[in-house]
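K.L.:
Contents of model_36.txt (compact mmCIF, C-alpha atoms) are given next:
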# COMPACT_ATOMS: atom_id res chain seq x y z
CA MET B 1 0.00 0.00 0.00
CA SER B 2 1.09 3.56 -0.61
CA THR B 3 2.22 5.56 2.38
CA VAL B 4 1.59 9.07 1.17
CA SER B 5 1.84 10.75 -2.20
CA HIS B 6 4.76 12.97 -3.13
CA ALA B 7 2.16 15.71 -3.64
CA THR B 8 1.50 15.83 0.10
CA PRO B 9 3.45 18.71 1.70
CA LEU B 10 5.66 16.81 4.13
CA ARG B 11 8.34 18.73 5.95
CA ARG B 12 10.72 15.93 5.05
CA ALA B 13 10.01 13.04 2.70
CA PRO B 14 11.02 9.61 4.04
CA VAL B 15 14.07 8.23 2.29
CA GLN B 16 15.02 5.13 4.22
CA ARG B 17 12.69 2.21 4.82
CA ARG B 18 12.78 2.77 8.57
CA SER B 19 11.68 6.37 8.12
CA ALA B 20 8.85 5.34 5.77
CA GLU B 21 7.65 2.74 8.28
CA ARG B 22 7.69 5.37 11.02
CA LEU B 23 5.58 7.70 8.86
CA THR B 24 3.11 4.87 8.26
CA ARG B 25 2.83 4.26 12.02
CA ILE B 26 2.22 7.98 12.61
CA LEU B 27 -0.57 8.12 10.03
CA ASP B 28 -2.11 4.88 11.33
CA ALA B 29 -2.12 6.32 14.86
CA CYS B 30 -3.64 9.56 13.59
CA ALA B 31 -6.45 7.61 11.88
CA ASP B 32 -7.21 5.53 14.98
CA LEU B 33 -7.27 8.57 17.25
CA LEU B 34 -9.57 10.48 14.92
CA ASP B 35 -12.15 7.72 15.42
CA GLU B 36 -11.58 7.62 19.18
CA VAL B 37 -11.35 11.27 20.19
CA GLY B 38 -12.24 13.33 17.11
CA TYR B 39 -10.28 16.04 15.36
CA ASP B 40 -10.59 18.75 18.00
CA ALA B 41 -9.05 16.55 20.72
CA LEU B 42 -6.38 15.15 18.41
CA SER B 43 -2.83 16.22 19.26
CA THR B 44 0.58 15.54 17.85
CA ARG B 45 1.71 14.33 21.28
CA ALA B 46 -1.11 11.79 21.48
CA VAL B 47 -0.25 10.55 17.99
CA ALA B 48 3.40 10.16 18.96
CA LEU B 49 2.44 8.16 22.04
CA ARG B 50 0.09 5.90 20.08
CA ALA B 51 2.63 5.38 17.30
CA ASP B 52 5.39 4.75 19.88
CA VAL B 53 7.70 7.30 18.30
CA PRO B 54 9.41 10.40 19.75
CA ILE B 55 7.42 13.60 19.36
CA GLY B 56 10.30 14.92 17.27
CA SER B 57 9.57 12.22 14.69
CA VAL B 58 6.08 13.63 14.20
CA TYR B 59 7.42 17.17 13.78
CA ARG B 60 10.04 15.90 11.37
CA PHE B 61 7.18 15.22 8.95
CA PHE B 62 4.41 17.59 10.05
CA GLY B 63 4.24 21.08 11.50
CA ASN B 64 0.82 20.56 13.05
CA LYS B 65 -2.15 18.21 13.19
CA ARG B 66 -3.80 19.86 10.17
CA GLN B 67 -0.86 18.84 7.98
CA MET B 68 -0.94 15.35 9.48
CA ALA B 69 -4.66 14.98 8.76
CA ASP B 70 -4.16 16.21 5.20
CA ALA B 71 -1.42 13.62 4.68
CA LEU B 72 -3.81 10.96 5.94
CA ALA B 73 -6.45 12.22 3.49
CA GLN B 74 -3.95 11.98 0.64
CA ARG B 75 -3.06 8.44 1.70
CA ASN B 76 -6.77 7.63 1.73
CA LEU B 77 -7.02 8.83 -1.87
CA GLU B 78 -4.02 6.75 -2.91
CA ARG B 79 -5.47 3.64 -1.29
CA TYR B 80 -8.87 4.32 -2.78
CA ALA B 81 -7.32 4.62 -6.25
CA GLU B 82 -5.57 1.29 -5.71
CA ARG B 83 -8.82 -0.39 -4.68
CA VAL B 84 -10.71 1.01 -7.68
CA THR B 85 -7.91 -0.04 -10.03
CA GLU B 86 -7.92 -3.58 -8.65
CA ARG B 87 -11.71 -3.75 -8.90
CA LEU B 88 -11.69 -2.53 -12.50
CA ALA B 89 -9.09 -5.14 -13.39
CA ARG B 90 -11.63 -7.77 -12.35
CA THR B 91 -14.46 -6.07 -14.29
CA ALA B 92 -14.33 -7.48 -17.77
CA ASP B 93 -16.93 -5.53 -19.74
CA GLY B 94 -15.13 -2.16 -19.74
CA GLY B 95 -18.41 -0.27 -19.52
CA TRP B 96 -19.14 2.80 -17.45
CA ARG B 97 -21.79 1.03 -15.33
CA GLY B 98 -19.23 -1.42 -13.96
CA ALA B 99 -16.86 1.48 -13.40
CA LEU B 100 -19.55 3.40 -11.51
CA ASP B 101 -20.20 0.42 -9.24
CA ALA B 102 -16.47 0.06 -8.58
CA VAL B 103 -16.06 3.74 -7.72
CA LEU B 104 -19.11 3.92 -5.47
CA ASP B 105 -18.76 0.52 -3.79
CA GLU B 106 -15.10 1.00 -2.90
CA TYR B 107 -15.84 4.44 -1.47
CA LEU B 108 -18.63 3.00 0.66
CA ALA B 109 -16.36 0.19 1.84
CA MET B 110 -13.72 2.67 2.99
CA LYS B 111 -16.38 4.86 4.57
CA ARG B 112 -17.46 1.88 6.67
CA THR B 113 -14.11 0.33 7.53
CA ALA B 114 -11.10 2.66 7.08
CA PRO B 115 -9.99 4.27 10.37
CA GLY B 116 -10.46 8.03 10.45
CA PHE B 117 -12.13 8.04 7.03
CA SER B 118 -15.55 9.05 8.30
CA LEU B 119 -14.10 12.33 9.56
CA ILE B 120 -11.72 13.42 6.82
CA ASP B 121 -12.16 11.04 3.85
CA PHE B 122 -10.05 12.65 1.06
CA GLY B 123 -9.61 15.99 2.77
CA ASN B 124 -12.97 17.55 1.88
CA GLN B 125 -13.72 18.12 5.54
CA ILE B 126 -10.43 19.56 6.79
CA PRO B 127 -10.94 21.34 9.10
CA VAL B 128 -13.50 18.77 10.16
CA GLY B 129 -17.06 19.90 9.47
CA ASP B 130 -16.13 22.41 6.74
CA ARG B 131 -17.56 20.85 3.57
CA HIS B 132 -16.11 23.72 1.50
CA ALA B 133 -12.53 23.55 2.82
CA VAL B 134 -11.18 21.62 -0.16
CA PRO B 135 -13.35 20.92 -3.21
CA ASN B 136 -13.61 17.50 -4.85
CA HIS B 137 -11.40 18.48 -7.78
CA ARG B 138 -8.53 16.36 -6.46
CA VAL B 139 -10.73 13.25 -6.29
CA ALA B 140 -12.41 13.91 -9.63
CA GLU B 141 -9.06 14.47 -11.34
CA ARG B 142 -7.71 11.18 -10.00
CA LEU B 143 -10.81 9.30 -11.14
CA THR B 144 -10.59 10.95 -14.55
CA GLU B 145 -7.08 9.57 -14.88
CA LEU B 146 -8.18 6.10 -13.79
CA LEU B 147 -11.40 5.83 -15.78
CA SER B 148 -10.58 7.54 -19.07
CA GLY B 149 -8.37 4.71 -20.26
CA TYR B 150 -10.73 2.07 -18.94
CA LEU B 151 -13.67 3.64 -20.76
CA GLY B 152 -11.67 4.43 -23.88
CA ARG B 153 -12.41 8.14 -23.69
CA ARG B 154 -10.01 11.03 -24.07
CA PRO B 155 -9.80 13.01 -20.78
CA ASP B 156 -10.94 16.31 -22.30
CA ASP B 157 -12.70 19.17 -20.54
CA ASP B 158 -16.14 17.60 -21.05
CA VAL B 159 -15.10 14.34 -19.42
CA ARG B 160 -13.45 16.17 -16.53
CA ARG B 161 -16.60 18.23 -15.94
CA VAL B 162 -18.82 15.13 -16.04
CA PHE B 163 -16.68 13.31 -13.50
CA LEU B 164 -16.51 16.36 -11.23
CA VAL B 165 -20.30 16.70 -11.23
CA ALA B 166 -20.66 12.97 -10.55
CA VAL B 167 -18.16 13.08 -7.68
CA GLU B 168 -19.79 16.14 -6.09
CA THR B 169 -23.23 14.53 -6.39
CA ALA B 170 -22.09 11.20 -4.97
CA ASP B 171 -20.28 12.92 -2.10
CA THR B 172 -23.33 14.93 -1.07
CA LEU B 173 -25.70 11.96 -1.21
CA VAL B 174 -23.35 9.56 0.56
CA GLN B 175 -22.87 12.08 3.35
CA LEU B 176 -26.65 12.26 3.64
CA ALA B 177 -26.91 8.46 3.77
CA PHE B 178 -24.39 8.31 6.63
CA ARG B 179 -26.14 11.06 8.53
CA VAL B 180 -29.38 9.07 8.37
CA ALA B 181 -27.81 5.74 9.39
CA PRO B 182 -24.39 4.93 10.92
CA ASP B 183 -23.49 2.46 8.15
CA GLY B 184 -25.19 4.43 5.40
CA ASP B 185 -28.89 4.25 4.61
CA GLU B 186 -29.17 1.65 1.83
CA LYS B 187 -32.24 3.23 0.24
CA ILE B 188 -30.52 6.61 -0.08
CA ILE B 189 -27.40 4.91 -1.45
CA GLU B 190 -29.47 3.14 -4.09
CA GLU B 191 -31.18 6.41 -4.97
CA ALA B 192 -27.74 7.94 -5.39
CA ARG B 193 -26.67 5.05 -7.61
CA GLU B 194 -29.77 5.41 -9.81
CA LEU B 195 -29.30 9.18 -10.07
CA LEU B 196 -25.67 8.73 -11.13
CA ARG B 197 -26.63 6.06 -13.66
CA ALA B 198 -29.20 8.37 -15.19
CA TYR B 199 -26.76 11.27 -15.40
CA LEU B 200 -23.81 9.28 -16.69
CA GLY B 201 -26.03 7.36 -19.11
CA ARG B 202 -27.12 10.63 -20.69
CA VAL B 203 -23.53 11.74 -21.07
CA LEU B 204 -21.53 8.53 -21.62
CA ASP B 205 -23.85 6.23 -23.62
Kindly return the structure encoded in the file as structure tokens.
P.N.:
Amino acid sequence: MSTVSHATPLRRAPVQRRSAERLTRILDACADLLDEVGYDALSTRAVALRADVPIGSVYRFFGNKRQMADALAQRNLERYAERVTERLARTADGGWRGALDAVLDEYLAMKRTAPGFSLIDFGNQIPVGDRHAVPNHRVAERLTELLSGYLGRRPDDDVRRVFLVAVETADTLVQLAFRVAPDGDEKIIEEARELLRAYLGRVLD
């Protein structure tokens, strides 16, 4: 699994394996603590204690907990992209409907099981609760890269816009589903799936 993308603003990128493993432990501890105490009560000291590393190791990579949470969000995106890629490799038809199921199902799986994901997912909610802090362009751009080749479409401006609208729509409706029920209200999720099928069918068929 990826640790964190080079695009994430680390104070110092890990070079040696030991340093990379320490960064992984820090991000794992951050994710666990987000679920246990929430973002407001999260501290770099608590993360260091949970990860069993000196506090200086945390500050070697991150200046504050906001940067640490953003690195976790970037790692979530990398892992999500890996899961979608693996799912698509097992989807033989190459159609957009199978791709939609892969994208939505893997997101739901992470929403239900990945530590810390329910609070920060891909960074949209950093600081936690601010749904406008970072738009979904980063997610949509990554999915455009993944799906354009799979669907045999050139990633032009029209395709990018379609995927951005789909990502924004899915994000809003999935958040609603998880507000209604802790594991996501299945009826709302299916409504979201049907809405996305109707929209993408109009554009991609």
K.L.:
So what do you get for atom CA of B:Leu33 versus atom CA of B:Gly116, distance-wise?
P.N.:
7.5 Å
K.L.:
Could you produce a table of the residues of stretch 37-152 of chain B lying within 10 Å of stretch 172-175 of chain B, with the nearest pair of atoms per residue and their separation in Å rounded to one decimal, using all atoms listed in the file, ordered by chain and increasing residue number, as JSON lines?
P.N.:
{"residue": "B:Leu104", "atom": "CA", "partner": "B:Val174", "partner_atom": "CA", "distance": 9.3}
{"residue": "B:Tyr107", "atom": "CA", "partner": "B:Val174", "partner_atom": "CA", "distance": 9.3}
{"residue": "B:Leu108", "atom": "CA", "partner": "B:Val174", "partner_atom": "CA", "distance": 8.1}
{"residue": "B:Lys111", "atom": "CA", "partner": "B:Val174", "partner_atom": "CA", "distance": 9.3}
{"residue": "B:Ser118", "atom": "CA", "partner": "B:Gln175", "partner_atom": "CA", "distance": 9.3}
{"residue": "B:Arg131", "atom": "CA", "partner": "B:Thr172", "partner_atom": "CA", "distance": 9.5}
K.L.:
Just checking: using only C-alpha atoms, which residue out of B:Arg138, B:Arg66, B:Arg202, B:Arg193 ends up closest to B:Val162?
P.N.:
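Nearest candidate to B:Val162 out of B:Arg138, B:Arg66, B:Arg202, B:Arg193: B:Arg202.
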K.L.:
Separation of atom CA of B:Asp157 and atom CA of B:Asn136, in Å?
P.N.:
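It comes out at 15.8 Å.
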K.L.:
Need to verify the contact set: B:Ala81, 10 Å, only C-alpha atoms, exclusion of same-chain residues closer than 6 positions in sequence. Can you return it as a list in words?
P.N.:
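Residues near the query, excluding close chain neighbours: Arg75, Arg87, Val103, Glu106, Tyr107, Val139, Arg142, Leu143, Glu145 and Leu146 of chain B.
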K.L.:
What does the structure give for the distance between atom CA of B:Phe61 and atom CA of B:Ala29, in Å to one decimal?
P.N.:
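Computing it gives 14.2 Å between the two atoms.
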K.L.:
Which one of B:Arg50, B:Arg60, B:Arg154, B:Arg12 sits closest to B:Ile26 if you count only C-alpha atoms?
P.N.:
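Between B:Arg50, B:Arg60, B:Arg154, B:Arg12, the residue approaching B:Ile26 most closely is B:Arg50.
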K.L.:
Neighbouring residues of B:Ser19 were defined as those with any atom within 12 Å, considering all atoms listed in the file; residues of the same chain fewer than 2 positions away were excluded. Please report them as a PyMOL selection string.
P.N.:
chain B and resi 3+12-17+21-26+53+57-58+60-61
K.L.:
Can you write out the residues you just picked, keeping C-alpha atoms, as a short mmCIF file (atom, residue, chain, number, x, y, z; two decimals), keeping the file's coordinate frame?
P.N.:
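Contents of selection38.cif, as written:
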data_model
loop_
_atom_site.label_atom_id
_atom_site.label_comp_id
_atom_site.auth_asym_id
_atom_site.auth_seq_id
_atom_site.Cartn_x
_atom_site.Cartn_y
_atom_site.Cartn_z
CA THR B 3 2.22 5.56 2.38
CA ARG B 12 10.72 15.93 5.05
CA ALA B 13 10.01 13.04 2.70
CA PRO B 14 11.02 9.61 4.04
CA VAL B 15 14.07 8.23 2.29
CA GLN B 16 15.02 5.13 4.22
CA ARG B 17 12.69 2.21 4.82
CA GLU B 21 7.65 2.74 8.28
CA ARG B 22 7.69 5.37 11.02
CA LEU B 23 5.58 7.70 8.86
CA THR B 24 3.11 4.87 8.26
CA ARG B 25 2.83 4.26 12.02
CA ILE B 26 2.22 7.98 12.61
CA VAL B 53 7.70 7.30 18.30
CA SER B 57 9.57 12.22 14.69
CA VAL B 58 6.08 13.63 14.20
CA ARG B 60 10.04 15.90 11.37
CA PHE B 61 7.18 15.22 8.95
#
K.L.:
Measuring atom to atom with all atoms listed in the file, identify which of B:Asp52, B:Asp35, B:Asp121, B:Asp156 is nearest to B:Glu78.
P.N.:
B:Asp121
K.L.:
If we count all atoms listed in the file and set the cut-off at 8 Å, which residues sit around B:Met68, ignoring sequence neighbours fewer than 6 positions away in its own chain? Please answer as a ChimeraX atom specification.
P.N.:
/B:27,30,62
K.L.:
Hey, what's within 12 Å of B:Glu191 if we count all atoms listed in the file and toss same-chain stuff fewer than 3 positions away? As a list of chain:residue names, please?
P.N.:
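Non-adjacent residues within range: B:Thr169, B:Ala170, B:Leu173, B:Val174, B:Leu176, B:Ala177, B:Asp185, B:Glu186, B:Lys187, B:Ile188, B:Glu194, B:Leu195, B:Leu196, B:Arg197, B:Ala198.
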K.L.:
Convert the current residue selection to file output with C-alpha atoms, as a compact mmCIF listing (two decimals), keeping the file's coordinate frame.
P.N.:
# COMPACT_ATOMS: atom_id res chain seq x y z
CA THR B 169 -23.23 14.53 -6.39
CA ALA B 170 -22.09 11.20 -4.97
CA LEU B 173 -25.70 11.96 -1.21
CA VAL B 174 -23.35 9.56 0.56
CA LEU B 176 -26.65 12.26 3.64
CA ALA B 177 -26.91 8.46 3.77
CA ASP B 185 -28.89 4.25 4.61
CA GLU B 186 -29.17 1.65 1.83
CA LYS B 187 -32.24 3.23 0.24
CA ILE B 188 -30.52 6.61 -0.08
CA GLU B 194 -29.77 5.41 -9.81
CA LEU B 195 -29.30 9.18 -10.07
CA LEU B 196 -25.67 8.73 -11.13
CA ARG B 197 -26.63 6.06 -13.66
CA ALA B 198 -29.20 8.37 -15.19
K.L.:
Between B:Glu141, B:Ala109, B:Ala46, B:Val203, which residue has the minimum interatomic distance to B:Arg83, considering only C-alpha atoms?
P.N.:
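The closest residue to B:Arg83 is B:Ala109.
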K.L.:
In terms of the shortest atom-to-atom distance over all atoms listed in the file, which of B:Ala140, B:Ala99, B:Glu168, B:Tyr59 is closest to B:Leu204?
P.N.:
B:Ala99
